[in-house]
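What follows is a single structure, written as structure tokens, with notes after it.
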Amino acid sequence: MKVIENKNFPYERDLYSVDGVHLINCTFTGDEDGESALKEAKNIELENCYMNLRYPLWHDENVILNKVTMTDKCRASLWYTNNLKIKDSNMLGIKALRECCDIEILNTKIVSPEFGWKSKNIKLNNCNVESEYLFLLAKDIKLNNVTFRGKYSFQYVENMVIENSILDTKDAFWHTKNVTVKNSTIKGEYLAWYSENLTLINCKIIGTQPLCYCKGLKLVDCEMLETDLSFEYSNVDATIRGRIDSVKNVTSGRIVCDIIGEVIVTEDSKFKPNCKIIQNKK
């Protein structure tokens with residue numbers, strides 16, 4: 001692998017189609033405002049590099065980013081790229097990852113609206129993420145020890161496992177399929193409407209009107225705080241520690257909890273409720 005150190009690449013397609021390059025302490029910036037510096041490249045590693053120009057890594061194969069900073073001017077930085085590993089880095093540009101496959105991100109700060117759209121086989125570990133519409137239409141995702149802040153996250157996601165994470169997010173998990181969340185906190189309004197086969201295990205759920213219009217919903221040993229109007233038109237199997245403020249028009253299934261503040265059935269309900277509710281404390 002060719003090693004290039006301490007150089008700046010300010011021009012458009014400066015390293016177009018390179019194969020087998022290790023860039024160390026290099027920069028991608030300048031008044032020339034060059035784009036697509038590493039487009040159509042493969043077998044490349046960037047170490048201690050600074051990227052400040054648009055679209056640098058498109059249509060690439062076999063990429064390692066180690067201690068790389070992508071500024072907010074480095075927008076749409078990684079698109080259509082496969083076999084990608086990022087560690088100890090900062091991804092700060094909008095739309096930083098899209099339609100990529102086989103991605104591992106470790107110990108990285110991500111501040112990027114519209115991150116990860118239509119991507120597949122993604123692993124995030126020990127990351128801090130701020131985004132809107134995180135992982136829209138993405139598949140096969142594993143998140144561990146992730147702190148997330150934003151809204152509209154994980155819409156239309158399929159096949160995802162989240163563990164040991166804190167998610168502060170409005171409208172999360174809408175229209176998802178086959179998602180499991182373990183040992184995590186989820187805070188936000190209107191959680192997981194229209195989801196299918198969502199399983200929450202030992203989670204803390206906070207916020208109004210969660211888990212409505214769900215199919216195959218399962219909660220195991222969870223807590224629900226400030227959760228009013230829960231489970232409307234959902235099929236649910238839930239065991240809850242503590243109190244649920246209220247449930248409304250639950251379609252079918254079973255809810256076991258310590259206490260429910262209010263069970264609401266409206267006359268205009270679309271379905272006749274057929275849910276068994278067991279309160280351990282009266």
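The chains in the structure tokens are called A, B, ... from first to last as shown; in each chain the residues are counted from 1, and the ligands are counted from 1 in the order shown.
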
*asked:* Based on the backbone DSSP call, show me all residues of segment 34-241 of chain A assigned strand (DSSP E or B), as JSON, numbers by chain.
replied: {"A": [42, 43, 44, 45, 46, 47, 50, 51, 57, 58, 61, 62, 63, 64, 65, 66, 69, 70, 78, 79, 82, 83, 84, 85, 86, 87, 90, 91, 97, 98, 101, 102, 103, 104, 105, 106, 109, 110, 111, 117, 120, 121, 122, 123, 124, 125, 126, 127, 128, 129, 130, 131, 132, 139, 140, 141, 142, 143, 144, 145, 146, 147, 148, 149, 150, 151, 158, 159, 160, 161, 162, 163, 166, 167, 168, 169, 170, 177, 178, 179, 180, 181, 182, 185, 186, 187, 196, 197, 198, 199, 200, 201, 204, 205, 206, 215, 217, 218, 219, 220, 221, 222, 223, 224, 225, 230, 235, 236, 237, 238, 239, 240, 241]}

*Can you pull out every residue within 7 Å of Met51 of chain A, counting only C-alpha atoms, but drop anything in the same chain fewer than 2 positions away, and send it as JSON, numbers by chain?*
{"A": [27, 28, 29, 49, 53, 69, 70, 71, 74]}

Could you write out the selected residues, including C-alpha atoms, as a PDB file, in the first residue's frame?
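Just written: again.pdb:
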ATOM      1  CA  THR A  27      -6.049  17.473   4.619  1.00  0.00           C
ATOM      2  CA  PHE A  28      -8.787  18.061   2.080  1.00  0.00           C
ATOM      3  CA  THR A  29      -9.509  21.776   2.147  1.00  0.00           C
ATOM      4  CA  CYS A  49      -6.912  13.325   8.372  1.00  0.00           C
ATOM      5  CA  LEU A  53     -14.790  19.496   1.096  1.00  0.00           C
ATOM      6  CA  THR A  69     -12.613  14.662  11.164  1.00  0.00           C
ATOM      7  CA  MET A  70     -15.233  15.492   8.554  1.00  0.00           C
ATOM      8  CA  THR A  71     -16.446  19.055   9.116  1.00  0.00           C
ATOM      9  CA  CYS A  74     -17.890  17.865   4.234  1.00  0.00           C
TER      10      CYS A  74
END

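Counting only C-alpha atoms, the residue from A:Lys270, A:Lys73, A:Lys177, A:Lys182 that sits nearest to Leu143 of chain A is A:Lys182.
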
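By chain and then residue number, the residues within 10 Å of Asp228 of chain A are Ile206, Gly207, Thr208, Gln209, Pro210, Ile244, Asp245, Ser246, Val247, Lys248, Ile260, Gly261, Glu262 and Val263 of chain A, counting only C-alpha atoms and disregarding those fewer than 5 positions away in sequence.
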
Selected residues, C-alpha atoms, written as a JSON list (two decimals), in the first residue's frame, please.
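Writing the result to result02.json gives the following:
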[["chain", "number", "residue", "atom", "x", "y", "z"],
["A", 206, "ILE", "CA", -41.02, 7.83, 28.46],
["A", 207, "GLY", "CA", -43.53, 10.00, 26.59],
["A", 208, "THR", "CA", -47.08, 10.47, 25.42],
["A", 209, "GLN", "CA", -49.09, 8.16, 23.12],
["A", 210, "PRO", "CA", -46.58, 5.36, 22.61],
["A", 244, "ILE", "CA", -49.03, 3.13, 33.05],
["A", 245, "ASP", "CA", -50.87, 6.47, 33.07],
["A", 246, "SER", "CA", -53.53, 5.29, 30.62],
["A", 247, "VAL", "CA", -54.26, 2.83, 27.84],
["A", 248, "LYS", "CA", -56.75, 3.46, 25.05],
["A", 260, "ILE", "CA", -53.07, 1.55, 35.16],
["A", 261, "GLY", "CA", -54.33, 5.05, 35.88],
["A", 262, "GLU", "CA", -57.13, 4.82, 33.31],
["A", 263, "VAL", "CA", -58.47, 2.36, 30.75]]

*Tell me which protein, DNA and RNA residues are within 9 Å of Lys187 of chain A, counting only C-alpha atoms, leaving out same-chain ones fewer than 6 positions away, and put them as a PyMOL selection string.*
chain A and resi 166-170+204-207

_Non-local contacts of Val129 of chain A (8 Å; only C-alpha atoms; under 4 positions in same chain excluded) as a PyMOL selection string_ = chain A and resi 109-112+146-149

Do a neighbour search on segment 219-225 of chain A at 10 Å with only C-alpha atoms, toss out local chain neighbours closer than 2 positions, and write the hits as a CSV table (one decimal) with C-alpha atoms, in the first residue's frame.
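Heads up, here's the output in result_10.csv:
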chain,number,residue,atom,x,y,z
A,180,THR,CA,-35.6,-5.6,19.3
A,181,VAL,CA,-34.5,-3.1,21.9
A,182,LYS,CA,-32.8,-4.3,25.1
A,183,ASN,CA,-31.7,-2.6,28.3
A,184,SER,CA,-32.2,0.9,26.9
A,185,THR,CA,-34.1,4.1,27.6
A,186,ILE,CA,-36.4,5.5,24.9
A,187,LYS,CA,-37.7,9.0,25.5
A,198,LEU,CA,-41.3,-4.8,17.8
A,199,THR,CA,-39.9,-6.3,21.1
A,200,LEU,CA,-38.7,-4.2,24.0
A,201,ILE,CA,-36.9,-6.0,26.8
A,202,ASN,CA,-36.0,-4.3,30.1
A,203,CYS,CA,-36.5,-0.9,28.7
A,204,LYS,CA,-37.6,2.4,30.1
A,205,ILE,CA,-40.2,4.1,27.9
A,206,ILE,CA,-41.0,7.8,28.5
A,207,GLY,CA,-43.5,10.0,26.6
A,208,THR,CA,-47.1,10.5,25.4
A,210,PRO,CA,-46.6,5.4,22.6
A,217,LEU,CA,-45.8,-5.9,19.9
A,227,THR,CA,-47.1,7.2,29.0
A,228,ASP,CA,-50.7,8.2,28.5
A,230,SER,CA,-50.8,3.9,25.2
A,236,VAL,CA,-49.8,-6.3,22.5
A,237,ASP,CA,-48.2,-8.8,25.0
A,238,ALA,CA,-46.7,-6.6,27.8
A,239,THR,CA,-45.4,-7.1,31.3
A,240,ILE,CA,-44.7,-3.7,32.8
A,241,ARG,CA,-43.1,-2.8,36.1
A,242,GLY,CA,-44.9,0.1,37.8
A,243,ARG,CA,-47.6,2.3,36.5
A,244,ILE,CA,-49.0,3.1,33.0
A,245,ASP,CA,-50.9,6.5,33.1
A,255,ILE,CA,-51.1,-6.3,29.6
A,256,VAL,CA,-49.8,-7.1,33.0
A,257,CYS,CA,-48.6,-4.2,35.2

*asked:* I'd like the interatomic distance between atom CA of Pro273 of chain A and atom CA of Leu229 of chain A, to a tenth of an Å.
replied: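 Between these atoms lies a distance of 14.3 Å.
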
Env of Asn178 of chain A: 10 Å cut, atoms = only C-alpha atoms, seq-sep filter 3 positions within chain, self excluded. Answer as a PDB file with N, CA, C and O atoms, in the first residue's frame.
ATOM      1  N   ASP A 140     -30.840  -4.369   8.646  1.00  0.00           N
ATOM      2  CA  ASP A 140     -29.787  -5.178   9.271  1.00  0.00           C
ATOM      3  C   ASP A 140     -28.817  -4.299  10.066  1.00  0.00           C
ATOM      4  O   ASP A 140     -27.656  -4.096   9.680  1.00  0.00           O
ATOM      5  N   VAL A 157     -37.244   1.023   9.091  1.00  0.00           N
ATOM      6  CA  VAL A 157     -36.096   0.140   9.302  1.00  0.00           C
ATOM      7  C   VAL A 157     -36.580  -1.308   9.432  1.00  0.00           C
ATOM      8  O   VAL A 157     -37.628  -1.580  10.020  1.00  0.00           O
ATOM      9  N   GLU A 158     -35.778  -2.255   8.924  1.00  0.00           N
ATOM     10  CA  GLU A 158     -36.069  -3.679   9.072  1.00  0.00           C
ATOM     11  C   GLU A 158     -34.856  -4.394   9.666  1.00  0.00           C
ATOM     12  O   GLU A 158     -33.730  -4.119   9.294  1.00  0.00           O
ATOM     13  N   ASN A 159     -35.140  -5.295  10.602  1.00  0.00           N
ATOM     14  CA  ASN A 159     -34.116  -6.167  11.177  1.00  0.00           C
ATOM     15  C   ASN A 159     -33.041  -5.357  11.918  1.00  0.00           C
ATOM     16  O   ASN A 159     -31.945  -5.125  11.413  1.00  0.00           O
ATOM     17  N   MET A 160     -33.387  -4.944  13.144  1.00  0.00           N
ATOM     18  CA  MET A 160     -32.470  -4.134  13.939  1.00  0.00           C
ATOM     19  C   MET A 160     -32.483  -4.602  15.390  1.00  0.00           C
ATOM     20  O   MET A 160     -33.520  -4.978  15.929  1.00  0.00           O
ATOM     21  N   VAL A 161     -31.274  -4.575  16.017  1.00  0.00           N
ATOM     22  CA  VAL A 161     -31.138  -4.839  17.446  1.00  0.00           C
ATOM     23  C   VAL A 161     -30.410  -3.653  18.080  1.00  0.00           C
ATOM     24  O   VAL A 161     -29.348  -3.250  17.599  1.00  0.00           O
ATOM     25  N   SER A 195     -45.631  -0.110  13.740  1.00  0.00           N
ATOM     26  CA  SER A 195     -44.525  -1.078  13.712  1.00  0.00           C
ATOM     27  C   SER A 195     -45.064  -2.511  13.681  1.00  0.00           C
ATOM     28  O   SER A 195     -46.197  -2.787  14.090  1.00  0.00           O
ATOM     29  N   GLU A 196     -44.212  -3.433  13.219  1.00  0.00           N
ATOM     30  CA  GLU A 196     -44.533  -4.856  13.205  1.00  0.00           C
ATOM     31  C   GLU A 196     -43.404  -5.639  13.866  1.00  0.00           C
ATOM     32  O   GLU A 196     -42.240  -5.458  13.535  1.00  0.00           O
ATOM     33  N   ASN A 197     -43.792  -6.486  14.807  1.00  0.00           N
ATOM     34  CA  ASN A 197     -42.826  -7.353  15.492  1.00  0.00           C
ATOM     35  C   ASN A 197     -41.731  -6.546  16.204  1.00  0.00           C
ATOM     36  O   ASN A 197     -40.541  -6.825  16.058  1.00  0.00           O
ATOM     37  N   LEU A 198     -42.162  -5.567  16.965  1.00  0.00           N
ATOM     38  CA  LEU A 198     -41.256  -4.803  17.829  1.00  0.00           C
ATOM     39  C   LEU A 198     -41.240  -5.448  19.207  1.00  0.00           C
ATOM     40  O   LEU A 198     -42.294  -5.666  19.808  1.00  0.00           O
ATOM     41  N   THR A 199     -40.027  -5.727  19.723  1.00  0.00           N
ATOM     42  CA  THR A 199     -39.862  -6.309  21.050  1.00  0.00           C
ATOM     43  C   THR A 199     -38.984  -5.393  21.891  1.00  0.00           C
ATOM     44  O   THR A 199     -37.878  -5.030  21.475  1.00  0.00           O
ATOM     45  N   GLY A 216     -47.972  -7.422  16.565  1.00  0.00           N
ATOM     46  CA  GLY A 216     -46.941  -8.287  17.123  1.00  0.00           C
ATOM     47  C   GLY A 216     -46.044  -7.577  18.116  1.00  0.00           C
ATOM     48  O   GLY A 216     -44.849  -7.884  18.212  1.00  0.00           O
ATOM     49  N   LEU A 217     -46.598  -6.642  18.885  1.00  0.00           N
ATOM     50  CA  LEU A 217     -45.823  -5.865  19.854  1.00  0.00           C
ATOM     51  C   LEU A 217     -45.614  -6.673  21.134  1.00  0.00           C
ATOM     52  O   LEU A 217     -46.561  -7.237  21.676  1.00  0.00           O
TER      53      LEU A 217
END

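The space separating atom CA of Asn52 of chain A from atom CA of Leu136 of chain A comes to 25.4 Å.
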